[in-house]
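Everything below concerns the one structure shown next.
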Amino acid sequence: MLDFPRWKVLSIIGFLAALCALAIPSMLPESTVANWPVHPRINLGLDLAGGSYLLLEANTDDLIVQRLGAKKVEVATDMRRAKIGIGDISTDGGKVTFMLRDITRLEDARQLLSQHTNGVGNTGQRDWDIAVINSSTFTVTPTKAGIDYAIEQAMDGATEVVRRRIDSLGTREPTIIKQGSTRIVVQVPGLQDPTALKALLGKTAKLEFKLVDTNADAAQLAKGIAPIGDQVLPYPDAARFTAPYIGRLAQPMTSPFDSKVTWPAQTPVIAVRDEAIITGSDLTDARAETDSENPGGWVVGFQFNTQGGKNFAKVTQVNVGKPFAIILDNSVISAPNIETPILGGAGRITGGFDAKSSNDLAIQLKSGALPVALKVIEERTVGPDLGKDSINAGIKASIIAVVLIVLFMLVTYGRFGIYANWAVVINVLVIMGVLALINGTLTLPGIAGFVLTIGTAVDANVLINERIREERRRGRSVVQAVELGYKEASRTIFEANMTHAITGVIMFLLGSGPIKGFAVVLLIGICTSVFTAVTFTRMLVVLWLRKNRPQTINI
């Protein structure tokens, strides 16, 4: 019991002192510690610091349309490569339909299509159904299981993209979680104006590079009709250009990519190939840069990966003198001519950007394209005043809890109560230090967990002290009673806190938002309270016993 070497004493004191020191910046105004070289602080959650709350909902109808469009391009490409002649491909009725020109290739076409259907989880279903009508017409129809799986995958991807975009803004500890099958909850503490956030999250940032069809008839484009293998896209900046392949819509046209978007009459449009040269998935970097050719202007520089750079170089080498379209969210933002082969996998996007718009676009491209369009269906801004009241109430509750516990332990256990009180105070500071060290976020439920931890922090000392009392009644000496008290009570303490910790881990893993915040503080509090109540107080008791060698104790 008295074998407590100096190195161990110094290690415990140093460890606890370091964690307590980490808590100091969180107790001082931010302006005071702003110039400190290191000042980890506890972040405050939305309910304490105020901020913005957004509820985003995915437009799954657009996702289905996109899947059909992608399948249409895939089918046309595969059939062309296999030299299987087919007629026009339609996506009417929510399915891909086409007719074979040579019915002797029926089985070849069926096998080719079957290679591009996949099983969905453990459902035993495929993601696409293939059927033959009248011996020559194929229909490729998305199954419900396939659609549900595509929505789930798209929502997982959208959640990750939203997280990357918000992280790029430099916000602290945002909460981004899925809600149901088609919604995402976004909470950003400290952000009082969500306008810029909504604009950033609302754009899908789908980037594609496609060749422009310079043989398209402008008169047909004006009617919204593109040649086979092409698609009509708006090119707003083309209003200042004159070219035979640029048309202007004769009347308003509903976008084939988004039924809620209408292109006004006289919108400049061009025809581009269905198949993309390269997509945003091949980007490795995107950044805002000043335009060396236009002082005061801004551009977005980009860098492709190795394969993307090779593909881009190959296409530009054989299409010198022809235009290609840079397409963002199904709208052409630039259509430069290929003056020389573009080698090295680097380039830039121009389009009348300023510093903010170029930076926003760079963030969107670098974070990846949203696989599904999102719209804000609920928005709330939480002011900091409510959070200030909650913090004050939490501080008041913590102070009351500490004072009552200190008085109870002091009256009940005397000197041993003083040691337990030191453990409580140290435990409070250590919890704050650990939260600051891990850059944790404190929420209102977290404060509840904090107060609960303070209330239960002395449980271990109560068990230890009562066990020492019991050993003294049995006639044990002071040293023996203390040694057995700590040894025997420690088993119960560890077992009780283990079950406590299991509950906290389950809440952390299965909970979200407030529940997870409560669980984090609770788990930290369990670890720190056991250490301070058992190891720290034992050290204090050993130092006192070693110095005074008492024959009796008042406990």
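In the structure tokens, each chain is lettered A, B, ... as it comes, each chain's residues begin at 1, and ligands are numbered from 1 in order of appearance.
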Do you know which residues are at most 8 Å from Asp329 of chain A counting only C-alpha atoms, after dropping those on the same chain fewer than 4 positions away, and could you put them as a PyMOL selection string?
chain A and resi 203-207
As an NGL selection string, please: the residues near segment 216-222 of chain A (cut-off 12 Å, only C-alpha atoms, same-chain neighbours under 6 positions excluded).
:A and (228-234 or 242-253 or 263-273)
How about saving the chosen residues, C-alpha atoms kept, as an mmCIF file, in the first residue's frame?
data_model
loop_
_atom_site.group_PDB
_atom_site.id
_atom_site.type_symbol
_atom_site.label_atom_id
_atom_site.label_comp_id
_atom_site.auth_asym_id
_atom_site.auth_seq_id
_atom_site.Cartn_x
_atom_site.Cartn_y
_atom_site.Cartn_z
ATOM 1 C CA ILE A 228 -29.054 11.394 -82.575
ATOM 2 C CA GLY A 229 -26.272 10.824 -80.057
ATOM 3 C CA ASP A 230 -26.372 14.470 -78.928
ATOM 4 C CA GLN A 231 -28.113 16.449 -76.233
ATOM 5 C CA VAL A 232 -29.219 20.073 -76.120
ATOM 6 C CA LEU A 233 -27.700 22.187 -73.366
ATOM 7 C CA PRO A 234 -28.070 25.879 -72.500
ATOM 8 C CA THR A 242 -21.941 34.094 -83.318
ATOM 9 C CA ALA A 243 -21.457 30.558 -84.620
ATOM 10 C CA PRO A 244 -23.498 28.349 -86.965
ATOM 11 C CA TYR A 245 -23.843 25.636 -84.308
ATOM 12 C CA ILE A 246 -25.381 27.978 -81.689
ATOM 13 C CA GLY A 247 -29.190 28.117 -81.636
ATOM 14 C CA ARG A 248 -31.608 30.211 -79.607
ATOM 15 C CA LEU A 249 -34.780 28.655 -78.299
ATOM 16 C CA ALA A 250 -37.848 29.845 -80.172
ATOM 17 C CA GLN A 251 -40.052 29.228 -77.127
ATOM 18 C CA PRO A 252 -39.580 28.262 -73.456
ATOM 19 C CA MET A 253 -38.435 24.676 -72.959
ATOM 20 C CA TRP A 263 -35.214 27.512 -70.131
ATOM 21 C CA PRO A 264 -36.645 30.857 -71.340
ATOM 22 C CA ALA A 265 -37.132 31.696 -75.000
ATOM 23 C CA GLN A 266 -34.008 33.042 -76.727
ATOM 24 C CA THR A 267 -31.765 31.050 -74.392
ATOM 25 C CA PRO A 268 -28.609 30.194 -76.392
ATOM 26 C CA VAL A 269 -28.232 26.418 -76.761
ATOM 27 C CA ILE A 270 -25.683 24.104 -78.349
ATOM 28 C CA ALA A 271 -25.550 20.393 -79.082
ATOM 29 C CA VAL A 272 -22.939 18.267 -77.329
ATOM 30 C CA ARG A 273 -22.148 14.575 -77.566
#
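With distances restricted to only C-alpha atoms, A:Gln303 is the closest residue to Arg348 of chain A from A:Thr381, A:Thr441, A:Gln303, A:Ser11.
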Polymer residues at most 10 Å from Ser334 of chain A, only C-alpha atoms, same-chain spacing of 3 or more positions, as a PyMOL selection string:
chain A and resi 209+235-238+323-328+331+337+349-351
Okay, now the selection with N, CA and C atoms, as a compact mmCIF listing (two decimals), in the first residue's frame?
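This went into part-v8.txt:
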# COMPACT_ATOMS: atom_id res chain seq x y z
N PHE A 209 -16.81 17.25 -69.42
CA PHE A 209 -16.20 17.82 -70.62
C PHE A 209 -16.72 17.00 -71.80
N TYR A 235 -26.33 27.44 -73.06
CA TYR A 235 -25.00 28.04 -73.01
C TYR A 235 -25.19 29.56 -72.86
N PRO A 236 -25.53 30.03 -71.65
CA PRO A 236 -25.87 31.45 -71.45
C PRO A 236 -24.82 32.41 -71.97
N ASP A 237 -23.54 32.07 -71.82
CA ASP A 237 -22.48 32.99 -72.23
C ASP A 237 -22.35 33.09 -73.75
N ALA A 238 -23.04 32.18 -74.47
CA ALA A 238 -22.94 32.19 -75.94
C ALA A 238 -23.68 33.37 -76.55
N PRO A 323 -14.33 22.95 -80.96
CA PRO A 323 -14.68 23.37 -79.60
C PRO A 323 -15.08 22.19 -78.73
N PHE A 324 -14.83 22.32 -77.46
CA PHE A 324 -15.37 21.35 -76.50
C PHE A 324 -16.05 22.14 -75.38
N ALA A 325 -17.06 21.52 -74.78
CA ALA A 325 -17.87 22.20 -73.77
C ALA A 325 -17.47 21.79 -72.37
N ILE A 326 -17.33 22.79 -71.50
CA ILE A 326 -17.16 22.55 -70.07
C ILE A 326 -18.54 22.73 -69.45
N ILE A 327 -19.08 21.65 -68.90
CA ILE A 327 -20.48 21.62 -68.48
C ILE A 327 -20.55 21.46 -66.97
N LEU A 328 -21.24 22.38 -66.33
CA LEU A 328 -21.44 22.33 -64.89
C LEU A 328 -22.93 22.30 -64.61
N SER A 331 -25.31 22.72 -67.60
CA SER A 331 -25.30 24.02 -68.27
C SER A 331 -23.87 24.30 -68.72
N ASN A 337 -12.22 26.70 -78.02
CA ASN A 337 -11.64 25.90 -79.09
C ASN A 337 -10.36 25.23 -78.60
N ILE A 349 -10.91 26.89 -65.87
CA ILE A 349 -12.27 27.21 -66.28
C ILE A 349 -12.46 28.72 -66.17
N THR A 350 -12.87 29.35 -67.26
CA THR A 350 -13.15 30.78 -67.24
C THR A 350 -14.66 30.99 -67.32
N GLY A 351 -15.11 32.16 -66.97
CA GLY A 351 -16.55 32.40 -67.03
C GLY A 351 -16.99 33.62 -66.25
Taking 2 positions as the minimum chain separation for residues in the same chain, which residues sit within 10 Å of Gly352 of chain A when counting only C-alpha atoms? Answer as number ranges by chain.
A: 237, 294, 297-299, 333, 349-350, 354, 357-358
Can you work out the spacing between atom CA of Phe353 of chain A and atom CA of Arg287 of chain A in Å, to one decimal?
12.4 Å
Quick one: of A:Trp7, A:Tyr149, A:Phe98, A:Phe138, who's nearest to Arg126 of chain A, counting only C-alpha atoms?
A:Tyr149
